[in-house]
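The structure appears right after this line, and notes come after that.
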Amino acid sequence: MMTRLSRCAQHCSPAVRMFSSSPPHSQGVPTALWKLGRLNHVAIAVPDLQKTTALYRDVLGAHVSDVVPLPEHGVYTVFVELGNTKLELLHPLGEKSPIAGFLQKNKSGGMHHICFEVDDINAAIGDLKAKNIRLLSPEPRIGAHGKPVMFLHPKDCDGVLVEIEQA
């Protein structure tokens, strides 16, 4: 049975490479304009930021950041350091926060988005637009790490809200 892949899966999935001692067939083809990097964080919307922060810090023993308000994004954030990546705890800052709407639909909270690093966010944005992946803002914005970020439409990425961040 054949399944339909989302546009993100069709265009963003890494190719399988076969290793060979013979020269590559595509010697004259330019390399990709940008490279998908490591998982930067998984963001979780939480209804009680103090309670969830205490869970990770006091019960699980993780290092957690201070609460940082990001009024331009309508959220409070706390980062939980995990060694190989981070969790980003999100809580609404104001009634118009996108996280407030998320928590109205998901009273207990839950995964909100995943974030991948890219080596060239502007090249990635141009390439994704050319591949008909919808972006949620016209230009990159500065994210919680002080770096440019862009969100990809979840309907183009198998129902997952994907954030890319300049490495």
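Note on naming: chains are A, B, ... as they come in the structure tokens, residues start from 1 per chain, ligands start from 1 in the order shown.
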
Per residue of range 93-148 of chain A within 8 Å of range 32-48 of chain A, note the shortest atom pair and the distance in Å to one decimal, counting only C-alpha atoms, and order the rows by chain and increasing residue number, as CSV.
residue,atom,partner,partner_atom,distance
A:Ile99,CA,A:Ala45,CA,6.5
A:Phe102,CA,A:Ala45,CA,7.6
A:Leu103,CA,A:Pro47,CA,6.8
A:Lys107,CA,A:Pro47,CA,7.1
A:Ser108,CA,A:Pro47,CA,6.5
A:Gly109,CA,A:Val46,CA,4.7
A:Gly110,CA,A:Ile44,CA,5.3
A:Met111,CA,A:Ile44,CA,4.3
A:His112,CA,A:Ile44,CA,5.2
A:His113,CA,A:Ala43,CA,5.2
A:Ile114,CA,A:Val42,CA,4.5
A:Cys115,CA,A:His41,CA,5.3
A:Phe116,CA,A:Leu39,CA,4.6
A:Glu117,CA,A:Gly37,CA,4.7
A:Val118,CA,A:Leu36,CA,4.8
A:Asp119,CA,A:Lys35,CA,5.7
A:Asp120,CA,A:Trp34,CA,5.5
A:Ile121,CA,A:Trp34,CA,7.6
A:Ala123,CA,A:Trp34,CA,5.9
A:Ala124,CA,A:Trp34,CA,5.7
A:Asp127,CA,A:Leu33,CA,8.0

Save out the residues we just selected, N, CA and C atoms, as a PDB file, in the first residue's frame.
ATOM      1  N   ILE A  99       0.743  30.073  23.092  1.00  0.00           N
ATOM      2  CA  ILE A  99       0.763  28.968  24.060  1.00  0.00           C
ATOM      3  C   ILE A  99      -0.537  28.931  24.861  1.00  0.00           C
ATOM      4  N   PHE A 102      -2.874  27.010  22.765  1.00  0.00           N
ATOM      5  CA  PHE A 102      -2.483  25.601  22.793  1.00  0.00           C
ATOM      6  C   PHE A 102      -2.977  24.946  24.077  1.00  0.00           C
ATOM      7  N   LEU A 103      -2.797  25.639  25.226  1.00  0.00           N
ATOM      8  CA  LEU A 103      -3.200  25.073  26.514  1.00  0.00           C
ATOM      9  C   LEU A 103      -4.722  25.026  26.678  1.00  0.00           C
ATOM     10  N   LYS A 107      -5.296  20.901  28.012  1.00  0.00           N
ATOM     11  CA  LYS A 107      -5.289  21.405  29.397  1.00  0.00           C
ATOM     12  C   LYS A 107      -4.074  20.963  30.210  1.00  0.00           C
ATOM     13  N   SER A 108      -3.565  19.769  29.959  1.00  0.00           N
ATOM     14  CA  SER A 108      -2.414  19.251  30.704  1.00  0.00           C
ATOM     15  C   SER A 108      -1.083  19.666  30.090  1.00  0.00           C
ATOM     16  N   GLY A 109      -1.130  20.361  28.964  1.00  0.00           N
ATOM     17  CA  GLY A 109       0.098  20.721  28.257  1.00  0.00           C
ATOM     18  C   GLY A 109       0.488  19.621  27.287  1.00  0.00           C
ATOM     19  N   GLY A 110       1.690  19.723  26.756  1.00  0.00           N
ATOM     20  CA  GLY A 110       2.177  18.703  25.837  1.00  0.00           C
ATOM     21  C   GLY A 110       3.230  19.254  24.907  1.00  0.00           C
ATOM     22  N   MET A 111       3.745  18.377  24.049  1.00  0.00           N
ATOM     23  CA  MET A 111       4.781  18.793  23.112  1.00  0.00           C
ATOM     24  C   MET A 111       4.230  19.867  22.172  1.00  0.00           C
ATOM     25  N   HIS A 112       4.961  20.953  22.037  1.00  0.00           N
ATOM     26  CA  HIS A 112       4.537  22.058  21.186  1.00  0.00           C
ATOM     27  C   HIS A 112       5.287  22.071  19.858  1.00  0.00           C
ATOM     28  N   HIS A 113       6.626  21.956  19.905  1.00  0.00           N
ATOM     29  CA  HIS A 113       7.419  21.948  18.670  1.00  0.00           C
ATOM     30  C   HIS A 113       8.780  21.319  18.907  1.00  0.00           C
ATOM     31  N   ILE A 114       9.459  21.031  17.793  1.00  0.00           N
ATOM     32  CA  ILE A 114      10.848  20.586  17.848  1.00  0.00           C
ATOM     33  C   ILE A 114      11.690  21.614  17.095  1.00  0.00           C
ATOM     34  N   CYS A 115      12.937  21.748  17.511  1.00  0.00           N
ATOM     35  CA  CYS A 115      13.827  22.737  16.897  1.00  0.00           C
ATOM     36  C   CYS A 115      15.113  22.073  16.445  1.00  0.00           C
ATOM     37  N   PHE A 116      15.447  22.306  15.174  1.00  0.00           N
ATOM     38  CA  PHE A 116      16.697  21.819  14.601  1.00  0.00           C
ATOM     39  C   PHE A 116      17.591  23.001  14.274  1.00  0.00           C
ATOM     40  N   GLU A 117      18.876  22.794  14.418  1.00  0.00           N
ATOM     41  CA  GLU A 117      19.844  23.804  14.007  1.00  0.00           C
ATOM     42  C   GLU A 117      20.102  23.679  12.509  1.00  0.00           C
ATOM     43  N   VAL A 118      20.352  24.809  11.858  1.00  0.00           N
ATOM     44  CA  VAL A 118      20.765  24.834  10.457  1.00  0.00           C
ATOM     45  C   VAL A 118      22.000  25.715  10.352  1.00  0.00           C
ATOM     46  N   ASP A 119      22.864  25.392   9.409  1.00  0.00           N
ATOM     47  CA  ASP A 119      24.102  26.159   9.282  1.00  0.00           C
ATOM     48  C   ASP A 119      23.914  27.486   8.560  1.00  0.00           C
ATOM     49  N   ASP A 120      22.837  27.640   7.797  1.00  0.00           N
ATOM     50  CA  ASP A 120      22.571  28.889   7.073  1.00  0.00           C
ATOM     51  C   ASP A 120      21.056  29.063   6.987  1.00  0.00           C
ATOM     52  N   ILE A 121      20.497  29.804   7.926  1.00  0.00           N
ATOM     53  CA  ILE A 121      19.039  29.911   7.992  1.00  0.00           C
ATOM     54  C   ILE A 121      18.455  30.590   6.759  1.00  0.00           C
ATOM     55  N   ALA A 123      19.604  30.554   3.624  1.00  0.00           N
ATOM     56  CA  ALA A 123      19.612  29.584   2.522  1.00  0.00           C
ATOM     57  C   ALA A 123      18.530  28.534   2.748  1.00  0.00           C
ATOM     58  N   ALA A 124      18.366  28.090   3.994  1.00  0.00           N
ATOM     59  CA  ALA A 124      17.343  27.093   4.311  1.00  0.00           C
ATOM     60  C   ALA A 124      15.954  27.643   4.009  1.00  0.00           C
ATOM     61  N   ASP A 127      15.368  27.775   0.231  1.00  0.00           N
ATOM     62  CA  ASP A 127      15.197  26.427  -0.306  1.00  0.00           C
ATOM     63  C   ASP A 127      13.836  25.843   0.090  1.00  0.00           C
TER      64      ASP A 127
END

Pick out each residue of range 98-146 of chain A that DSSP on the backbone tags as strand (DSSP E); I need them as a PyMOL selection string. chain A and resi 110-118+141-142

Residues from last step as file, all heavy atoms, as a JSON list (two decimals), in the first residue's frame:
[["chain", "number", "residue", "atom", "x", "y", "z"],
["A", 110, "GLY", "N", 1.69, 19.72, 26.76],
["A", 110, "GLY", "CA", 2.18, 18.70, 25.84],
["A", 110, "GLY", "C", 3.23, 19.25, 24.91],
["A", 110, "GLY", "O", 3.57, 20.44, 24.96],
["A", 111, "MET", "N", 3.74, 18.38, 24.05],
["A", 111, "MET", "CA", 4.78, 18.79, 23.11],
["A", 111, "MET", "C", 4.23, 19.87, 22.17],
["A", 111, "MET", "O", 3.17, 19.69, 21.58],
["A", 111, "MET", "CB", 5.30, 17.61, 22.29],
["A", 111, "MET", "CG", 6.53, 17.99, 21.48],
["A", 111, "MET", "SD", 7.09, 16.71, 20.37],
["A", 111, "MET", "CE", 6.29, 17.25, 18.87],
["A", 112, "HIS", "N", 4.96, 20.95, 22.04],
["A", 112, "HIS", "CA", 4.54, 22.06, 21.19],
["A", 112, "HIS", "C", 5.29, 22.07, 19.86],
["A", 112, "HIS", "O", 4.69, 22.20, 18.80],
["A", 112, "HIS", "CB", 4.73, 23.39, 21.91],
["A", 112, "HIS", "CG", 4.22, 24.55, 21.15],
["A", 112, "HIS", "ND1", 5.06, 25.37, 20.42],
["A", 112, "HIS", "CD2", 2.97, 25.03, 20.99],
["A", 112, "HIS", "CE1", 4.33, 26.31, 19.84],
["A", 112, "HIS", "NE2", 3.06, 26.13, 20.17],
["A", 113, "HIS", "N", 6.63, 21.96, 19.91],
["A", 113, "HIS", "CA", 7.42, 21.95, 18.67],
["A", 113, "HIS", "C", 8.78, 21.32, 18.91],
["A", 113, "HIS", "O", 9.17, 21.10, 20.05],
["A", 113, "HIS", "CB", 7.58, 23.37, 18.09],
["A", 113, "HIS", "CG", 8.43, 24.29, 18.91],
["A", 113, "HIS", "ND1", 7.92, 25.12, 19.87],
["A", 113, "HIS", "CD2", 9.77, 24.53, 18.89],
["A", 113, "HIS", "CE1", 8.90, 25.84, 20.42],
["A", 113, "HIS", "NE2", 10.04, 25.49, 19.85],
["A", 114, "ILE", "N", 9.46, 21.03, 17.79],
["A", 114, "ILE", "CA", 10.85, 20.59, 17.85],
["A", 114, "ILE", "C", 11.69, 21.61, 17.09],
["A", 114, "ILE", "O", 11.21, 22.26, 16.17],
["A", 114, "ILE", "CB", 11.06, 19.17, 17.27],
["A", 114, "ILE", "CG1", 10.62, 19.09, 15.81],
["A", 114, "ILE", "CG2", 10.32, 18.14, 18.12],
["A", 114, "ILE", "CD1", 10.94, 17.75, 15.15],
["A", 115, "CYS", "N", 12.94, 21.75, 17.51],
["A", 115, "CYS", "CA", 13.83, 22.74, 16.90],
["A", 115, "CYS", "C", 15.11, 22.07, 16.44],
["A", 115, "CYS", "O", 15.77, 21.38, 17.22],
["A", 115, "CYS", "CB", 14.15, 23.85, 17.90],
["A", 115, "CYS", "SG", 15.32, 25.08, 17.27],
["A", 116, "PHE", "N", 15.45, 22.31, 15.17],
["A", 116, "PHE", "CA", 16.70, 21.82, 14.60],
["A", 116, "PHE", "C", 17.59, 23.00, 14.27],
["A", 116, "PHE", "O", 17.11, 24.05, 13.85],
["A", 116, "PHE", "CB", 16.44, 21.04, 13.29],
["A", 116, "PHE", "CG", 15.65, 19.79, 13.48],
["A", 116, "PHE", "CD1", 14.32, 19.74, 13.09],
["A", 116, "PHE", "CD2", 16.23, 18.67, 14.03],
["A", 116, "PHE", "CE1", 13.58, 18.58, 13.24],
["A", 116, "PHE", "CE2", 15.51, 17.50, 14.19],
["A", 116, "PHE", "CZ", 14.17, 17.46, 13.80],
["A", 117, "GLU", "N", 18.88, 22.79, 14.42],
["A", 117, "GLU", "CA", 19.84, 23.80, 14.01],
["A", 117, "GLU", "C", 20.10, 23.68, 12.51],
["A", 117, "GLU", "O", 20.06, 22.57, 11.96],
["A", 117, "GLU", "CB", 21.16, 23.63, 14.76],
["A", 117, "GLU", "CG", 21.01, 23.88, 16.24],
["A", 117, "GLU", "CD", 22.29, 23.64, 17.03],
["A", 117, "GLU", "OE1", 23.32, 23.22, 16.43],
["A", 117, "GLU", "OE2", 22.26, 23.85, 18.25],
["A", 118, "VAL", "N", 20.35, 24.81, 11.86],
["A", 118, "VAL", "CA", 20.77, 24.83, 10.46],
["A", 118, "VAL", "C", 22.00, 25.71, 10.35],
["A", 118, "VAL", "O", 22.17, 26.65, 11.12],
["A", 118, "VAL", "CB", 19.65, 25.34, 9.51],
["A", 118, "VAL", "CG1", 18.47, 24.38, 9.52],
["A", 118, "VAL", "CG2", 19.20, 26.73, 9.85],
["A", 141, "ARG", "N", 12.83, 35.57, 13.00],
["A", 141, "ARG", "CA", 12.77, 36.40, 14.20],
["A", 141, "ARG", "C", 13.86, 35.91, 15.15],
["A", 141, "ARG", "O", 14.37, 34.81, 15.00],
["A", 141, "ARG", "CB", 11.40, 36.28, 14.86],
["A", 141, "ARG", "CG", 10.30, 36.75, 13.94],
["A", 141, "ARG", "CD", 8.92, 36.74, 14.51],
["A", 141, "ARG", "NE", 8.68, 35.90, 15.67],
["A", 141, "ARG", "CZ", 7.52, 35.81, 16.28],
["A", 141, "ARG", "NH1", 6.49, 36.48, 15.84],
["A", 141, "ARG", "NH2", 7.36, 35.02, 17.32],
["A", 142, "ILE", "N", 14.19, 36.74, 16.11],
["A", 142, "ILE", "CA", 15.18, 36.34, 17.11],
["A", 142, "ILE", "C", 14.49, 35.47, 18.16],
["A", 142, "ILE", "O", 13.48, 35.87, 18.74],
["A", 142, "ILE", "CB", 15.86, 37.57, 17.75],
["A", 142, "ILE", "CG1", 16.55, 38.41, 16.68],
["A", 142, "ILE", "CG2", 16.84, 37.13, 18.85],
["A", 142, "ILE", "CD1", 17.63, 37.65, 15.88]]

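Here the residues within range 62-148 of chain A that DSSP labels alpha helix (DSSP H) on the basis of the backbone are Pro98, Ile99, Ala100, Gly101, Phe102, Leu103, Gln104, Lys105, Ile121, Asn122, Ala123, Ala124, Ile125, Gly126, Asp127, Leu128, Lys129 and Ala130 of chain A.
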
Could you turn the residues from that selection into a file that holds N, CA and C atoms, as a CSV table (one decimal), in the first residue's frame?
chain,number,residue,atom,x,y,z
A,98,PRO,N,0.4,32.4,21.8
A,98,PRO,CA,0.0,31.2,21.1
A,98,PRO,C,0.0,30.0,22.0
A,99,ILE,N,0.7,30.1,23.1
A,99,ILE,CA,0.8,29.0,24.1
A,99,ILE,C,-0.5,28.9,24.9
A,100,ALA,N,-1.2,30.1,25.1
A,100,ALA,CA,-2.4,30.1,25.8
A,100,ALA,C,-3.5,29.4,25.0
A,101,GLY,N,-3.5,29.6,23.7
A,101,GLY,CA,-4.4,28.9,22.8
A,101,GLY,C,-4.1,27.4,22.8
A,102,PHE,N,-2.9,27.0,22.8
A,102,PHE,CA,-2.5,25.6,22.8
A,102,PHE,C,-3.0,24.9,24.1
A,103,LEU,N,-2.8,25.6,25.2
A,103,LEU,CA,-3.2,25.1,26.5
A,103,LEU,C,-4.7,25.0,26.7
A,104,GLN,N,-5.4,25.9,26.0
A,104,GLN,CA,-6.9,25.8,26.0
A,104,GLN,C,-7.4,24.5,25.4
A,105,LYS,N,-6.7,24.0,24.3
A,105,LYS,CA,-7.0,22.8,23.7
A,105,LYS,C,-6.4,21.6,24.4
A,121,ILE,N,20.5,29.8,7.9
A,121,ILE,CA,19.0,29.9,8.0
A,121,ILE,C,18.5,30.6,6.8
A,122,ASN,N,19.1,31.6,6.2
A,122,ASN,CA,18.6,32.3,5.0
A,122,ASN,C,18.6,31.3,3.8
A,123,ALA,N,19.6,30.6,3.6
A,123,ALA,CA,19.6,29.6,2.5
A,123,ALA,C,18.5,28.5,2.7
A,124,ALA,N,18.4,28.1,4.0
A,124,ALA,CA,17.3,27.1,4.3
A,124,ALA,C,16.0,27.6,4.0
A,125,ILE,N,15.7,28.9,4.4
A,125,ILE,CA,14.4,29.5,4.1
A,125,ILE,C,14.1,29.6,2.7
A,126,GLY,N,15.1,30.0,1.9
A,126,GLY,CA,14.9,30.1,0.4
A,126,GLY,C,14.6,28.8,-0.2
A,127,ASP,N,15.4,27.8,0.2
A,127,ASP,CA,15.2,26.4,-0.3
A,127,ASP,C,13.8,25.8,0.1
A,128,LEU,N,13.4,26.0,1.3
A,128,LEU,CA,12.1,25.5,1.8
A,128,LEU,C,11.0,26.2,1.1
A,129,LYS,N,11.1,27.5,0.9
A,129,LYS,CA,10.1,28.2,0.1
A,129,LYS,C,10.0,27.7,-1.3
A,130,ALA,N,11.1,27.4,-2.0
A,130,ALA,CA,11.2,26.9,-3.3
A,130,ALA,C,10.5,25.5,-3.4

Name the closest residue to Pro92 in chain A among the candidates A:Leu49, A:Val59, A:Val64, A:Ile164; distances are taken between atoms, counting only C-alpha atoms. A:Leu49

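We find CA of Met150 in chain A and CA of Val80 in chain A to be spaced 21.4 Å apart.
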
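For the pair CA of Leu60 in chain A and CA of Glu163 in chain A, the separation is 26.6 Å.
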